[in-house]
file input.tsv (TSV, C-alpha atoms)
chain	number	residue	atom	x	y	z
G	1	MET	CA	-4.16	-3.29	18.09
G	2	SER	CA	-3.48	-2.91	14.40
G	3	GLN	CA	-5.78	-0.50	12.60
G	4	LEU	CA	-5.77	1.51	9.40
G	5	ILE	CA	-5.05	5.19	9.83
G	6	ASP	CA	-5.49	7.93	7.26
G	7	VAL	CA	-2.26	9.13	5.70
G	8	ASP	CA	-1.85	12.85	5.01
G	9	LEU	CA	-2.00	12.98	1.21
G	10	ALA	CA	0.88	15.46	1.01
G	11	LYS	CA	3.08	12.84	2.69
G	12	CYS	CA	1.72	9.66	1.16
G	13	TYR	CA	4.75	9.48	-1.16
G	14	ARG	CA	6.56	8.21	1.92
G	15	LEU	CA	4.70	4.92	1.68
G	16	LEU	CA	6.60	4.25	-1.56
G	17	ASN	CA	9.76	6.29	-1.08
G	18	HIS	CA	11.93	3.32	-0.09
G	19	GLY	CA	10.94	1.27	-3.12
G	20	PRO	CA	8.63	-1.56	-2.02
G	21	THR	CA	6.98	-3.99	-4.40
G	22	VAL	CA	3.21	-3.38	-4.63
G	23	LEU	CA	0.00	-5.17	-5.50
G	24	VAL	CA	-2.19	-3.35	-8.00
G	25	THR	CA	-5.93	-3.88	-7.67
G	26	SER	CA	-8.54	-2.82	-10.17
G	27	CYS	CA	-12.16	-3.36	-11.06
G	28	PHE	CA	-14.57	-2.65	-13.90
G	29	ASP	CA	-18.09	-3.75	-14.62
G	30	GLY	CA	-18.13	-6.28	-11.81
G	31	LYS	CA	-14.78	-7.83	-12.71
G	32	HIS	CA	-11.77	-7.35	-10.47
G	33	ASN	CA	-8.11	-8.31	-10.45
G	34	VAL	CA	-4.88	-8.11	-8.52
G	35	MET	CA	-1.34	-8.13	-9.91
G	36	ALA	CA	2.14	-7.67	-8.49
G	37	ALA	CA	4.33	-4.76	-9.64
G	38	ALA	CA	7.91	-4.08	-8.66
G	39	TRP	CA	7.96	-0.99	-10.86
G	40	ALA	CA	6.05	1.67	-8.95
G	41	MET	CA	7.30	4.88	-7.36
G	42	PRO	CA	6.30	8.40	-6.34
G	43	LEU	CA	6.21	11.10	-9.01
G	44	ASP	CA	5.13	14.22	-7.10
G	45	PHE	CA	4.32	15.43	-3.58
G	46	ASP	CA	1.18	17.56	-3.59
G	47	PRO	CA	-1.15	16.82	-5.20
G	48	PRO	CA	0.42	13.39	-4.86
G	49	LYS	CA	1.14	11.43	-8.00
G	50	ILE	CA	2.64	8.00	-8.50
G	51	LEU	CA	3.96	5.98	-11.45
G	52	VAL	CA	3.37	2.32	-12.17
G	53	VAL	CA	4.20	0.13	-15.17
G	54	ILE	CA	1.26	-2.03	-16.31
G	55	ASP	CA	2.03	-4.29	-19.25
G	56	LYS	CA	-0.32	-4.35	-22.24
G	57	THR	CA	-0.75	-8.08	-21.97
G	58	THR	CA	-2.24	-7.98	-18.47
G	59	TYR	CA	-5.88	-8.31	-17.54
G	60	SER	CA	-5.39	-5.49	-15.03
G	61	ARG	CA	-4.50	-3.19	-17.90
G	62	GLN	CA	-7.96	-3.68	-19.42
G	63	LEU	CA	-9.71	-2.99	-16.13
G	64	ILE	CA	-7.58	0.07	-15.37
G	65	GLU	CA	-8.02	1.60	-18.80
G	66	ALA	CA	-11.78	0.99	-18.65
G	67	SER	CA	-12.30	2.32	-15.12
G	68	GLY	CA	-9.62	5.02	-14.94
G	69	GLU	CA	-8.76	3.88	-11.42
G	70	PHE	CA	-6.45	1.55	-9.53
G	71	ILE	CA	-5.11	0.99	-6.05
G	72	LEU	CA	-1.51	0.40	-4.98
G	73	ASN	CA	-1.55	-1.98	-2.02
G	74	ILE	CA	1.72	-2.39	-0.13
G	75	PRO	CA	2.10	-6.02	0.91
G	76	CYS	CA	4.32	-7.32	3.68
G	77	ARG	CA	6.54	-10.27	4.38
G	78	ALA	CA	3.69	-12.38	5.76
G	79	GLN	CA	2.12	-12.18	2.28
G	80	ALA	CA	5.19	-13.05	0.20
G	81	ALA	CA	3.90	-16.39	-1.10
G	82	GLN	CA	0.63	-14.80	-2.17
G	83	VAL	CA	2.41	-11.88	-3.83
G	84	LEU	CA	4.47	-14.34	-5.82
G	85	LYS	CA	1.35	-16.27	-6.80
G	86	VAL	CA	-0.54	-13.24	-8.12
G	87	GLY	CA	2.65	-12.10	-9.83
G	88	SER	CA	2.92	-15.38	-11.72
G	89	ALA	CA	-0.66	-15.97	-12.92
G	90	SER	CA	-2.96	-14.01	-15.22
G	91	GLY	CA	-6.41	-12.77	-14.29
G	92	THR	CA	-7.62	-13.97	-17.67
G	93	GLN	CA	-7.23	-17.52	-16.36
G	94	GLY	CA	-9.34	-17.37	-13.24
G	95	ASP	CA	-9.92	-15.22	-10.16
G	96	LYS	CA	-6.53	-14.52	-8.62
G	97	PHE	CA	-8.04	-13.59	-5.27
G	98	ILE	CA	-9.48	-17.09	-5.04
G	99	GLN	CA	-6.28	-18.72	-6.38
G	100	SER	CA	-4.04	-16.90	-3.94
G	101	GLY	CA	-6.29	-16.78	-0.93
G	102	LEU	CA	-5.84	-13.02	-0.72
G	103	GLN	CA	-8.92	-11.44	0.81
G	104	THR	CA	-10.30	-7.99	0.19
G	105	ILE	CA	-11.59	-4.99	2.07
G	106	PRO	CA	-13.50	-2.11	0.50
G	107	ALA	CA	-11.62	0.93	-0.70
G	108	GLN	CA	-12.40	4.39	0.66
G	109	LYS	CA	-13.06	6.19	-2.61
G	110	MET	CA	-13.34	3.70	-5.46
G	111	ALA	CA	-14.96	0.47	-6.50
G	112	ALA	CA	-11.73	-1.53	-6.78
G	113	PRO	CA	-11.03	-3.72	-3.75
G	114	ARG	CA	-8.13	-3.34	-1.40
G	115	VAL	CA	-6.05	-6.39	-0.42
G	116	ALA	CA	-6.67	-7.26	3.22
G	117	GLY	CA	-3.58	-7.47	5.40
G	118	CYS	CA	-1.49	-5.04	3.39
G	119	ILE	CA	0.30	-2.32	5.38
G	120	GLY	CA	-0.44	0.65	3.10
G	121	TYR	CA	-2.86	1.75	0.41
G	122	LEU	CA	-2.83	4.44	-2.27
G	123	GLU	CA	-6.11	4.87	-4.16
G	124	CYS	CA	-5.36	6.43	-7.54
G	125	LYS	CA	-7.21	8.08	-10.41
G	126	VAL	CA	-5.45	7.67	-13.75
G	127	ILE	CA	-4.10	10.92	-15.17
G	128	ALA	CA	-4.60	10.16	-18.82
G	129	GLU	CA	-1.33	10.22	-20.76
G	130	PRO	CA	-2.09	8.08	-23.80
G	131	HIS	CA	1.41	8.33	-25.27
G	132	ASN	CA	3.06	7.06	-22.07
G	133	GLN	CA	0.48	4.32	-21.70
G	134	GLN	CA	0.82	3.14	-25.28
G	135	GLN	CA	4.55	3.62	-25.80
G	136	TYR	CA	5.90	2.67	-22.38
G	137	ASP	CA	3.07	0.88	-20.50
G	138	LEU	CA	3.52	3.71	-18.01
G	139	PHE	CA	0.60	4.97	-15.92
G	140	ILE	CA	0.43	8.12	-13.81
G	141	GLY	CA	-2.02	8.09	-10.93
G	142	GLU	CA	-3.16	10.91	-8.68
G	143	VAL	CA	-3.58	9.63	-5.14
G	144	ILE	CA	-6.99	10.59	-3.74
G	145	ALA	CA	-7.01	8.46	-0.58
G	146	SER	CA	-4.31	6.75	1.45
G	147	GLN	CA	-4.19	4.66	4.59
G	148	ALA	CA	-1.54	2.68	6.45
G	149	ASP	CA	-1.28	0.11	9.23
G	150	SER	CA	-0.79	1.82	12.59
G	151	ASP	CA	1.45	-1.03	13.76
G	152	VAL	CA	4.18	0.04	11.35
G	153	TYR	CA	3.31	3.57	10.19
G	154	SER	CA	2.87	6.63	12.36
G	155	GLU	CA	3.50	10.35	12.09
G	156	GLY	CA	4.47	10.06	8.45
G	157	ARG	CA	7.06	7.30	8.87
G	158	TRP	CA	7.47	3.55	8.65
G	159	TYR	CA	8.71	1.83	11.84
G	160	PHE	CA	9.16	-1.90	11.38
G	161	GLU	CA	11.06	-2.77	14.56
G	162	GLY	CA	9.25	-5.58	16.35
G	163	HIS	CA	7.08	-6.31	13.31
G	164	ASP	CA	9.26	-8.40	11.01
G	165	ASP	CA	6.22	-10.04	9.42
G	166	LYS	CA	5.04	-6.60	8.33
G	167	ARG	CA	8.27	-5.49	6.67
G	168	THR	CA	7.91	-4.40	3.06
G	169	LEU	CA	8.83	-6.73	0.21
G	170	HIS	CA	11.34	-5.82	-2.50
G	171	TYR	CA	11.25	-8.25	-5.38
G	172	ILE	CA	14.49	-9.57	-6.84
G	173	SER	CA	13.60	-12.23	-9.46
G	174	GLY	CA	13.02	-15.97	-9.61
G	175	GLY	CA	10.76	-16.07	-6.57
G	176	ALA	CA	13.24	-14.26	-4.31
G	177	PHE	CA	12.60	-11.11	-2.30
G	178	PHE	CA	14.41	-8.84	0.06
G	179	SER	CA	12.56	-7.66	3.13
G	180	ILE	CA	13.41	-4.12	4.13
G	181	GLY	CA	16.13	-3.94	6.74
G	182	GLU	CA	17.41	-1.74	9.49
G	183	GLN	CA	16.47	1.92	9.83
G	184	PHE	CA	19.28	4.33	10.66
G	185	SER	CA	20.08	8.04	10.57
G	186	VAL	CA	23.30	9.76	9.60
E	1	MET	CA	38.84	-8.72	-4.25
E	2	SER	CA	36.12	-6.29	-5.18
E	3	GLN	CA	35.99	-5.40	-8.84
E	4	LEU	CA	33.48	-3.99	-11.30
E	5	ILE	CA	31.94	-6.55	-13.61
E	6	ASP	CA	29.88	-5.88	-16.70
E	7	VAL	CA	26.15	-6.41	-16.23
E	8	ASP	CA	24.19	-8.01	-19.07
E	9	LEU	CA	22.10	-5.09	-20.34
E	10	ALA	CA	18.96	-7.25	-20.67
E	11	LYS	CA	19.18	-7.89	-16.93
E	12	CYS	CA	20.41	-4.53	-15.68
E	13	TYR	CA	16.88	-3.69	-14.46
E	14	ARG	CA	17.72	-6.01	-11.58
E	15	LEU	CA	20.11	-3.43	-10.16
E	16	LEU	CA	17.07	-1.22	-9.48
E	17	ASN	CA	14.29	-3.77	-9.13
E	18	HIS	CA	14.25	-3.68	-5.33
E	19	GLY	CA	13.95	0.10	-5.17
E	20	PRO	CA	17.27	1.54	-3.97
E	21	THR	CA	18.01	5.25	-3.71
E	22	VAL	CA	20.48	6.39	-6.38
E	23	LEU	CA	23.00	9.11	-7.07
E	24	VAL	CA	22.60	10.81	-10.44
E	25	THR	CA	25.77	12.11	-12.05
E	26	SER	CA	25.92	14.40	-15.06
E	27	CYS	CA	28.32	16.62	-16.94
E	28	PHE	CA	28.26	19.25	-19.65
E	29	ASP	CA	30.89	21.59	-21.02
E	30	GLY	CA	33.38	20.79	-18.28
E	31	LYS	CA	30.87	21.16	-15.44
E	32	HIS	CA	29.72	18.15	-13.47
E	33	ASN	CA	27.33	17.40	-10.66
E	34	VAL	CA	25.95	14.68	-8.42
E	35	MET	CA	22.51	14.58	-6.80
E	36	ALA	CA	20.55	12.03	-4.78
E	37	ALA	CA	17.27	10.61	-6.11
E	38	ALA	CA	14.90	8.26	-4.32
E	39	TRP	CA	12.56	8.30	-7.30
E	40	ALA	CA	14.16	6.05	-9.91
E	41	MET	CA	13.04	2.67	-11.23
E	42	PRO	CA	13.17	0.35	-14.23
E	43	LEU	CA	10.79	1.00	-17.12
E	44	ASP	CA	11.62	-1.78	-19.59
E	45	PHE	CA	13.80	-4.84	-20.00
E	46	ASP	CA	15.40	-4.90	-23.43
E	47	PRO	CA	16.49	-2.48	-24.64
E	48	PRO	CA	16.68	-1.45	-20.99
E	49	LYS	CA	15.06	1.79	-19.98
E	50	ILE	CA	14.81	3.49	-16.61
E	51	LEU	CA	12.84	6.39	-15.13
E	52	VAL	CA	14.13	9.11	-12.84
E	53	VAL	CA	12.55	12.31	-11.53
E	54	ILE	CA	14.83	15.34	-11.84
E	55	ASP	CA	13.37	18.57	-10.49
E	56	LYS	CA	13.45	21.71	-12.63
E	57	THR	CA	15.21	23.65	-9.90
E	58	THR	CA	18.26	21.39	-9.84
E	59	TYR	CA	21.63	22.10	-11.39
E	60	SER	CA	21.72	18.49	-12.57
E	61	ARG	CA	18.63	19.17	-14.67
E	62	GLN	CA	20.53	21.81	-16.66
E	63	LEU	CA	23.46	19.48	-17.26
E	64	ILE	CA	21.26	16.53	-18.22
E	65	GLU	CA	19.11	18.52	-20.64
E	66	ALA	CA	22.23	20.02	-22.23
E	67	SER	CA	24.17	16.76	-22.56
E	68	GLY	CA	21.34	14.27	-23.07
E	69	GLU	CA	23.09	11.85	-20.72
E	70	PHE	CA	23.23	10.86	-17.07
E	71	ILE	CA	24.39	8.00	-14.88
E	72	LEU	CA	22.52	6.26	-12.09
E	73	ASN	CA	25.04	5.25	-9.44
E	74	ILE	CA	23.82	2.89	-6.73
E	75	PRO	CA	25.36	3.89	-3.42
E	76	CYS	CA	25.70	1.69	-0.37
E	77	ARG	CA	25.46	1.97	3.37
E	78	ALA	CA	29.09	2.99	3.77
E	79	GLN	CA	28.23	6.11	1.75
E	80	ALA	CA	25.05	7.15	3.57
E	81	ALA	CA	26.42	10.36	5.06
E	82	GLN	CA	27.72	11.46	1.67
E	83	VAL	CA	24.45	10.58	-0.04
E	84	LEU	CA	22.62	12.73	2.47
E	85	LYS	CA	25.05	15.58	1.90
E	86	VAL	CA	24.68	15.63	-1.87
E	87	GLY	CA	20.93	15.25	-1.44
E	88	SER	CA	20.77	18.39	0.72
E	89	ALA	CA	22.96	20.84	-1.20
E	90	SER	CA	22.71	22.35	-4.67
E	91	GLY	CA	25.40	22.16	-7.31
E	92	THR	CA	24.83	25.84	-8.04
E	93	GLN	CA	26.49	26.58	-4.70
E	94	GLY	CA	29.78	24.79	-5.13
E	95	ASP	CA	31.22	21.48	-6.25
E	96	LYS	CA	29.31	18.74	-4.44
E	97	PHE	CA	32.04	16.19	-5.07
E	98	ILE	CA	34.45	18.37	-3.12
E	99	GLN	CA	31.87	19.18	-0.42
E	100	SER	CA	30.94	15.55	0.14
E	101	GLY	CA	34.30	13.92	-0.37
E	102	LEU	CA	32.80	11.60	-2.97
E	103	GLN	CA	35.42	10.63	-5.51
E	104	THR	CA	34.92	9.75	-9.14
E	105	ILE	CA	35.91	7.13	-11.65
E	106	PRO	CA	35.48	7.44	-15.40
E	107	ALA	CA	32.34	6.12	-17.04
E	108	GLN	CA	32.51	3.50	-19.75
E	109	LYS	CA	30.53	5.27	-22.45
E	110	MET	CA	29.96	8.90	-21.49
E	111	ALA	CA	31.70	11.99	-20.20
E	112	ALA	CA	29.80	12.17	-16.91
E	113	PRO	CA	31.76	10.76	-13.97
E	114	ARG	CA	30.78	7.74	-11.93
E	115	VAL	CA	30.83	7.91	-8.14
E	116	ALA	CA	33.66	5.76	-6.78
E	117	GLY	CA	32.65	3.14	-4.24
E	118	CYS	CA	29.12	2.67	-5.51
E	119	ILE	CA	27.98	-0.92	-6.03
E	120	GLY	CA	26.20	-0.48	-9.36
E	121	TYR	CA	26.12	1.82	-12.36
E	122	LEU	CA	23.67	2.44	-15.20
E	123	GLU	CA	24.89	4.81	-17.92
E	124	CYS	CA	21.88	6.32	-19.66
E	125	LYS	CA	21.06	8.30	-22.78
E	126	VAL	CA	17.98	10.50	-22.42
E	127	ILE	CA	15.07	9.39	-24.59
E	128	ALA	CA	13.62	12.81	-25.32
E	129	GLU	CA	10.06	13.14	-24.05
E	130	PRO	CA	9.62	16.90	-23.70
E	131	HIS	CA	6.08	16.69	-22.31
E	132	ASN	CA	7.09	14.34	-19.48
E	133	GLN	CA	10.18	16.39	-18.71
E	134	GLN	CA	8.31	19.69	-18.62
E	135	GLN	CA	5.06	18.56	-17.02
E	136	TYR	CA	6.32	15.94	-14.55
E	137	ASP	CA	10.10	16.41	-14.25
E	138	LEU	CA	10.22	12.84	-15.49
E	139	PHE	CA	13.15	11.55	-17.52
E	140	ILE	CA	13.41	8.29	-19.45
E	141	GLY	CA	16.88	6.90	-20.00
E	142	GLU	CA	18.06	4.06	-22.18
E	143	VAL	CA	20.81	2.16	-20.44
E	144	ILE	CA	23.83	1.73	-22.71
E	145	ALA	CA	26.37	0.43	-20.19
E	146	SER	CA	26.09	-1.14	-16.76
E	147	GLN	CA	28.49	-2.49	-14.17
E	148	ALA	CA	28.24	-3.77	-10.62
E	149	ASP	CA	30.51	-4.66	-7.70
E	150	SER	CA	31.46	-8.33	-7.81
E	151	ASP	CA	31.44	-8.47	-3.99
E	152	VAL	CA	27.65	-8.12	-3.95
E	153	TYR	CA	26.43	-8.81	-7.50
E	154	SER	CA	26.95	-11.97	-9.51
E	155	GLU	CA	25.04	-13.98	-12.10
E	156	GLY	CA	22.35	-11.33	-12.35
E	157	ARG	CA	21.58	-11.05	-8.64
E	158	TRP	CA	22.45	-9.02	-5.56
E	159	TYR	CA	23.94	-11.00	-2.63
E	160	PHE	CA	24.61	-8.80	0.39
E	161	GLU	CA	25.29	-11.44	3.03
E	162	GLY	CA	28.63	-10.73	4.68
E	163	HIS	CA	28.77	-7.24	3.16
E	164	ASP	CA	26.54	-5.10	5.36
E	165	ASP	CA	28.47	-1.94	4.45
E	166	LYS	CA	27.57	-2.55	0.81
E	167	ARG	CA	23.83	-2.96	1.31
E	168	THR	CA	21.68	-0.62	-0.75
E	169	LEU	CA	20.16	2.52	0.77
E	170	HIS	CA	16.44	3.26	0.72
E	171	TYR	CA	15.71	6.83	1.74
E	172	ILE	CA	12.89	7.55	4.17
E	173	SER	CA	12.99	11.29	5.00
E	174	GLY	CA	14.61	13.60	7.52
E	175	GLY	CA	18.07	12.08	7.17
E	176	ALA	CA	16.88	8.52	7.80
E	177	PHE	CA	17.43	5.50	5.57
E	178	PHE	CA	16.63	1.83	5.52
E	179	SER	CA	19.36	-0.53	4.43
E	180	ILE	CA	18.07	-3.47	2.46
E	181	GLY	CA	17.46	-6.52	4.60
E	182	GLU	CA	17.32	-10.26	4.39
E	183	GLN	CA	16.96	-12.16	1.14
E	184	PHE	CA	14.50	-15.05	1.09
E	185	SER	CA	12.59	-17.24	-1.35
E	186	VAL	CA	9.04	-18.49	-1.13

call {"tool": "encode", "arguments": {"input": "input.tsv", "output": "structure tokens"}}
result
Amino acid sequence: MSQLIDVDLAKCYRLLNHGPTVLVTSCFDGKHNVMAAAWAMPLDFDPPKILVVIDKTTYSRQLIEASGEFILNIPCRAQAAQVLKVGSASGTQGDKFIQSGLQTIPAQKMAAPRVAGCIGYLECKVIAEPHNQQQYDLFIGEVIASQADSDVYSEGRWYFEGHDDKRTLHYISGGAFFSIGEQFSV
Amino acid sequence: MSQLIDVDLAKCYRLLNHGPTVLVTSCFDGKHNVMAAAWAMPLDFDPPKILVVIDKTTYSRQLIEASGEFILNIPCRAQAAQVLKVGSASGTQGDKFIQSGLQTIPAQKMAAPRVAGCIGYLECKVIAEPHNQQQYDLFIGEVIASQADSDVYSEGRWYFEGHDDKRTLHYISGGAFFSIGEQFSV
């Protein structure tokens, strides 16, 4: 049965190493939001850091700058329509959880919600870099908690065989995605 | 027949949007190198900027800081063994092009070589951000030229159907990769 397992923080970069599109969740003062981001990646191993681009015009940007926290949720193929929906609307125009039907589960270490049904989570504290944030919309997060779905992640690795609905999404443009494909070794 | 076509710079982020592993080539004062990097992504649309993490211990770092230039080459499944080889060795210990068998073609706008047989290229000028480079090994590049393989890229989009050997690589760890999978719309 699918369950969330803790991911060793020193190896949590592996959740993002192959370049999946993510959902960014945030919360401040009772308000929450979720947005899609194709531009997220690991920055360092241990302590683990990640990068994500959060545009100035987004509602999430306000919540993240006010709270100093955000979560990278790794969605899967079963959620593609909802990912597209929250990637196309703004949280200033209504609650995107309600609009998309995405449900939430509590985070382990912060107030922001996690998106239910995602296959991986990285809870991040903002490492303040005002120049990067202002000039490039670029945020650095230190990962302080991480979990993944035991159906597709074990012993520090993704294994998607037999779980096509849980394959990671890789956004192209215009409503099109790739799902991640075959694993192989050389 | 496969040929390289120019990519509209305002859309060249799409070469990286789905998170492929890249090869970074560089050159300075007659010395050149190639390294693998899983940590690269778009940063901005127009003018196009990209991010890549280049560790201080690498030979490529010396060449890139000296020249102020580098190229992101997007390798494909047919090149996986060579990508792994240049990702495992250091350019301080011999010519990695010779060791790996990777061949080169000239770049359009810089002295660094491009890796022959790759399916996409982004030629980048370093935007100097000394704090990011020193503190995080993080480099920002402005893309000044970009091409892609007409077999798998046209009208601003990747299309890999029928070209499994040219699918992008997405590094996992321990010598294992994903190739990118099915394209779908929602």

call {"tool": "atom_distance", "arguments": {"input": "input.tsv", "atom1": "CA of Lys96 in chain E", "atom2": "CA of Leu51 in chain E"}}
result
23.2 Å

call {"tool": "closest_atom_pairs", "arguments": {"input": "input.tsv", "of": "chain E", "to": "chain G", "cutoff": "7 Å", "atoms": "all atoms listed in the file", "output": "Markdown table"}}
result
| residue | atom | partner | partner_atom | distance |
| --- | --- | --- | --- | --- |
| E:Arg14 | CA | G:Ile172 | CA | 6.8 |
| E:Asn17 | CA | G:Ile172 | CA | 6.2 |
| E:His18 | CA | G:His170 | CA | 4.6 |
| E:Gly19 | CA | G:Gly19 | CA | 3.8 |
| E:Pro20 | CA | G:Gly19 | CA | 6.4 |
| E:Ala38 | CA | G:Asn17 | CA | 6.4 |
| E:Trp39 | CA | G:Met41 | CA | 6.3 |
| E:Met41 | CA | G:Trp39 | CA | 6.3 |
| E:Pro42 | CA | G:Trp39 | CA | 6.3 |
| E:Leu43 | CA | G:Val53 | CA | 6.9 |
| E:Val53 | CA | G:Leu43 | CA | 6.9 |
| E:Ala80 | CA | G:Val186 | CA | 6.8 |
| E:Ala81 | CA | G:Val186 | CA | 5.5 |
| E:His170 | CA | G:His18 | CA | 4.6 |
| E:Tyr171 | CA | G:His18 | CA | 5.5 |
| E:Ile172 | CA | G:His18 | CA | 6.1 |
| E:Gly175 | CA | G:Ser185 | CA | 5.6 |
| E:Ala176 | CA | G:Ser185 | CA | 4.3 |
| E:Phe177 | CA | G:Phe184 | CA | 5.5 |
| E:Phe178 | CA | G:Gln183 | CA | 4.3 |
| E:Ser179 | CA | G:Gly181 | CA | 5.2 |
| E:Ile180 | CA | G:Gly181 | CA | 4.7 |
| E:Gly181 | CA | G:Gly181 | CA | 3.6 |
| E:Glu182 | CA | G:Phe178 | CA | 5.4 |
| E:Gln183 | CA | G:Phe178 | CA | 4.3 |
| E:Phe184 | CA | G:Phe177 | CA | 5.5 |
| E:Ser185 | CA | G:Ala176 | CA | 4.3 |
| E:Val186 | CA | G:Ala81 | CA | 5.6 |

call {"tool": "write_last_selection", "arguments": {"input": "input.tsv", "atoms": "C-alpha atoms", "output": "short mmCIF file (atom, residue, chain, number, x, y, z; two decimals), in the frame of the given file"}}
result
data_model
loop_
_atom_site.label_atom_id
_atom_site.label_comp_id
_atom_site.auth_asym_id
_atom_site.auth_seq_id
_atom_site.Cartn_x
_atom_site.Cartn_y
_atom_site.Cartn_z
CA ARG E 14 17.72 -6.01 -11.58
CA ASN E 17 14.29 -3.77 -9.13
CA HIS E 18 14.25 -3.68 -5.33
CA GLY E 19 13.95 0.10 -5.17
CA PRO E 20 17.27 1.54 -3.97
CA ALA E 38 14.90 8.26 -4.32
CA TRP E 39 12.56 8.30 -7.30
CA MET E 41 13.04 2.67 -11.23
CA PRO E 42 13.17 0.35 -14.23
CA LEU E 43 10.79 1.00 -17.12
CA VAL E 53 12.55 12.31 -11.53
CA ALA E 80 25.05 7.15 3.57
CA ALA E 81 26.42 10.36 5.06
CA HIS E 170 16.44 3.26 0.72
CA TYR E 171 15.71 6.83 1.74
CA ILE E 172 12.89 7.55 4.17
CA GLY E 175 18.07 12.08 7.17
CA ALA E 176 16.88 8.52 7.80
CA PHE E 177 17.43 5.50 5.57
CA PHE E 178 16.63 1.83 5.52
CA SER E 179 19.36 -0.53 4.43
CA ILE E 180 18.07 -3.47 2.46
CA GLY E 181 17.46 -6.52 4.60
CA GLU E 182 17.32 -10.26 4.39
CA GLN E 183 16.96 -12.16 1.14
CA PHE E 184 14.50 -15.05 1.09
CA SER E 185 12.59 -17.24 -1.35
CA VAL E 186 9.04 -18.49 -1.13
#

call {"tool": "atom_distance", "arguments": {"input": "input.tsv", "atom1": "CA of Ser154 in chain G", "atom2": "CA of Gly120 in chain G"}}
result
11.5 Å

call {"tool": "closest_residue", "arguments": {"input": "input.tsv", "among": "E:Asp149, E:Asp8, E:Glu161, E:Glu123", "to": "Pro106 in chain E", "atoms": "only C-alpha atoms"}}
result
E:Glu123

call {"tool": "atom_distance", "arguments": {"input": "input.tsv", "atom1": "CA of Gln3 in chain G", "atom2": "CA of Ser150 in chain G"}}
result
5.5 Å

call {"tool": "closest_residue", "arguments": {"input": "input.tsv", "among": "G:Ile5, G:Asn73, G:Phe139, G:Tyr59", "to": "Ile105 in chain G", "atoms": "only C-alpha atoms"}}
result
G:Asn73

call {"tool": "residues_around", "arguments": {"input": "input.tsv", "residues": "Leu23 in chain G", "least_positions_apart": "2", "cutoff": "7 Å", "atoms": "all atoms listed in the file", "output": "PDB file with C-alpha atoms, keeping the file's coordinate frame"}}
result
ATOM      1  CA  THR G  25      -5.930  -3.880  -7.670  1.00  0.00           C
ATOM      2  CA  VAL G  34      -4.880  -8.110  -8.520  1.00  0.00           C
ATOM      3  CA  MET G  35      -1.340  -8.130  -9.910  1.00  0.00           C
ATOM      4  CA  ALA G  36       2.140  -7.670  -8.490  1.00  0.00           C
ATOM      5  CA  ALA G  37       4.330  -4.760  -9.640  1.00  0.00           C
ATOM      6  CA  LEU G  72      -1.510   0.400  -4.980  1.00  0.00           C
ATOM      7  CA  ASN G  73      -1.550  -1.980  -2.020  1.00  0.00           C
ATOM      8  CA  ILE G  74       1.720  -2.390  -0.130  1.00  0.00           C
ATOM      9  CA  PRO G  75       2.100  -6.020   0.910  1.00  0.00           C
TER      10      PRO G  75
END

call {"tool": "closest_residue", "arguments": {"input": "input.tsv", "among": "G:Tyr153, G:Cys124, G:Ala145, G:Gly87", "to": "Ile64 in chain G", "atoms": "all atoms listed in the file"}}
result
G:Cys124

call {"tool": "closest_residue", "arguments": {"input": "input.tsv", "among": "G:Ser90, G:Ser2, G:Gln133, G:Ser26", "to": "Val152 in chain G", "atoms": "only C-alpha atoms"}}
result
G:Ser2

call {"tool": "residues_around", "arguments": {"input": "input.tsv", "residues": "Thr104 in chain G", "least_positions_apart": "5", "cutoff": "7 Å", "atoms": "only C-alpha atoms", "output": "list in words"}}
result
Pro113, Arg114, Val115 and Ala116 of chain G

call {"tool": "write_last_selection", "arguments": {"input": "input.tsv", "atoms": "C-alpha atoms", "output": "PDB file, in the coordinates of the input"}}
result
ATOM      1  CA  PRO G 113     -11.030  -3.720  -3.750  1.00  0.00           C
ATOM      2  CA  ARG G 114      -8.130  -3.340  -1.400  1.00  0.00           C
ATOM      3  CA  VAL G 115      -6.050  -6.390  -0.420  1.00  0.00           C
ATOM      4  CA  ALA G 116      -6.670  -7.260   3.220  1.00  0.00           C
TER       5      ALA G 116
END
